[in-house]
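First comes the structure, then the notes that go with it.
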Amino acid sequence: QVQLVESGGGLVQPGGSLRLSCEASGSGFSINVMGWYRQAPGKERELVAKSYRGGSTNYVDSVKGRFTISRDNAKNTVYLQMNSLKAEDTGVYYCYVRTITESVWGQGTQVTVSS
């Protein structure tokens, strides 16, 4: 069974940057998709960015040009570099991993963008 550990959230001023990390651990798994979702207060969880094993990525329109998802397959780790942060980026960010046999969510890390 895959377990995820997230890190990197926090409080940042508008225009600032944060980098989220998520490491998958366990045994005998092969990751197909790694990604990040977020949930703002009073809103549904939404996709932020995904990274596929083949190298392709996709982003929600609101973060294109500001956020970059990357992954280190050797370390089973996915990153989300967030630049030019806006107040509307505030929320709980969840790591997501899909293997051949399961989909796993992280515990979530709070990102707050405020002056």
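Letters for chains follow the order of the structure tokens (A, B, ...), residue numbers begin at 1 for each chain, and ligand numbers begin at 1 in the order shown.
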
#### Entry: A:Gln39 environment, 7 Å, only C-alpha atoms, sequence neighbours closer than 2 positions dropped, as a ChimeraX atom specification
/A:41,43-46,91-93

Output file for the residues above (N, CA and C atoms, as a short mmCIF file (atom, residue, chain, number, x, y, z; two decimals), in the first residue's frame):
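The new file result.cif reads:
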```
data_model
loop_
_atom_site.label_atom_id
_atom_site.label_comp_id
_atom_site.auth_asym_id
_atom_site.auth_seq_id
_atom_site.Cartn_x
_atom_site.Cartn_y
_atom_site.Cartn_z
N PRO A 41 -11.86 27.10 0.91
CA PRO A 41 -13.00 27.08 1.82
C PRO A 41 -14.31 27.27 1.08
N LYS A 43 -15.53 25.49 -1.26
CA LYS A 43 -15.51 25.07 -2.66
C LYS A 43 -15.15 23.59 -2.77
N GLU A 44 -15.43 23.04 -3.94
CA GLU A 44 -15.09 21.64 -4.18
C GLU A 44 -13.60 21.50 -4.49
N ARG A 45 -13.11 20.31 -4.25
CA ARG A 45 -11.71 20.03 -4.59
C ARG A 45 -11.54 20.08 -6.11
N GLU A 46 -10.46 20.72 -6.55
CA GLU A 46 -10.22 20.84 -7.98
C GLU A 46 -8.79 20.42 -8.32
N GLY A 91 -5.79 27.58 -0.03
CA GLY A 91 -6.56 26.37 0.15
C GLY A 91 -5.70 25.25 0.70
N VAL A 92 -6.32 24.11 0.86
CA VAL A 92 -5.58 22.91 1.25
C VAL A 92 -5.18 22.18 -0.03
N TYR A 93 -3.92 21.90 -0.15
CA TYR A 93 -3.38 21.23 -1.33
C TYR A 93 -3.14 19.76 -1.01
#
```

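Residues in contact range of stretch 21-38 of chain A, defined as at most 6 Å between only C-alpha atoms, with sequence neighbours fewer than 3 positions away removed, read Gln1, Val2, Gln3, Leu4, Val5, Glu6, Ser7, Arg45, Glu46, Leu47, Val48, Ala49, Lys50, Ser51, Tyr52, Arg53, Asn76, Thr77, Val78, Tyr79, Val92, Tyr93, Tyr94, Cys95, Tyr96, Val97, Arg98 and Thr99 of chain A.
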
### Query
Would you give me, as a ChimeraX atom specification, the residues in stretch 26-100 of chain A that DSSP reads as strand (DSSP E or B)?
/A:31-39,46-52,57-59,67-72,77-82,91-99

### Summary
Computed gap from atom CA of A:Gly9 to atom CA of A:Leu85 is 12.4 Å

#### Entry: Separation of atom CA of A:Ser70 from atom CA of A:Asp89 in Å
18.7 Å

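Taking atom CA of A:Ala40 and atom CA of A:Glu88 as the two end points, the separation is 8.2 Å.
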
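With only C-alpha atoms as the basis for measurement, A:Pro14 is the residue among A:Lys75, A:Tyr59, A:Asn83, A:Pro14 that approaches A:Thr112 most closely.
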
### Per-residue DSSP, chain A, filtered to helix (DSSP H, G or I), as a PyMOL selection string
chain A and resi 61-63+87-89

Just write the chosen residues, N, CA and C atoms, as a tab-separated table (two decimals), in the first residue's frame.
```
chain	number	residue	atom	x	y	z
A	61	ASP	N	-6.47	26.01	-15.86
A	61	ASP	CA	-6.14	27.26	-16.56
A	61	ASP	C	-5.65	28.37	-15.62
A	62	SER	N	-6.21	28.41	-14.43
A	62	SER	CA	-5.91	29.52	-13.53
A	62	SER	C	-4.46	29.54	-13.02
A	63	VAL	N	-3.73	28.43	-13.18
A	63	VAL	CA	-2.35	28.39	-12.69
A	63	VAL	C	-1.33	28.30	-13.81
A	87	ALA	N	-4.22	35.52	-3.83
A	87	ALA	CA	-5.10	35.18	-2.72
A	87	ALA	C	-6.01	34.01	-3.08
A	88	GLU	N	-6.42	33.94	-4.32
A	88	GLU	CA	-7.33	32.87	-4.73
A	88	GLU	C	-6.65	31.51	-4.83
A	89	ASP	N	-5.35	31.47	-4.64
A	89	ASP	CA	-4.65	30.18	-4.58
A	89	ASP	C	-4.72	29.56	-3.18
```
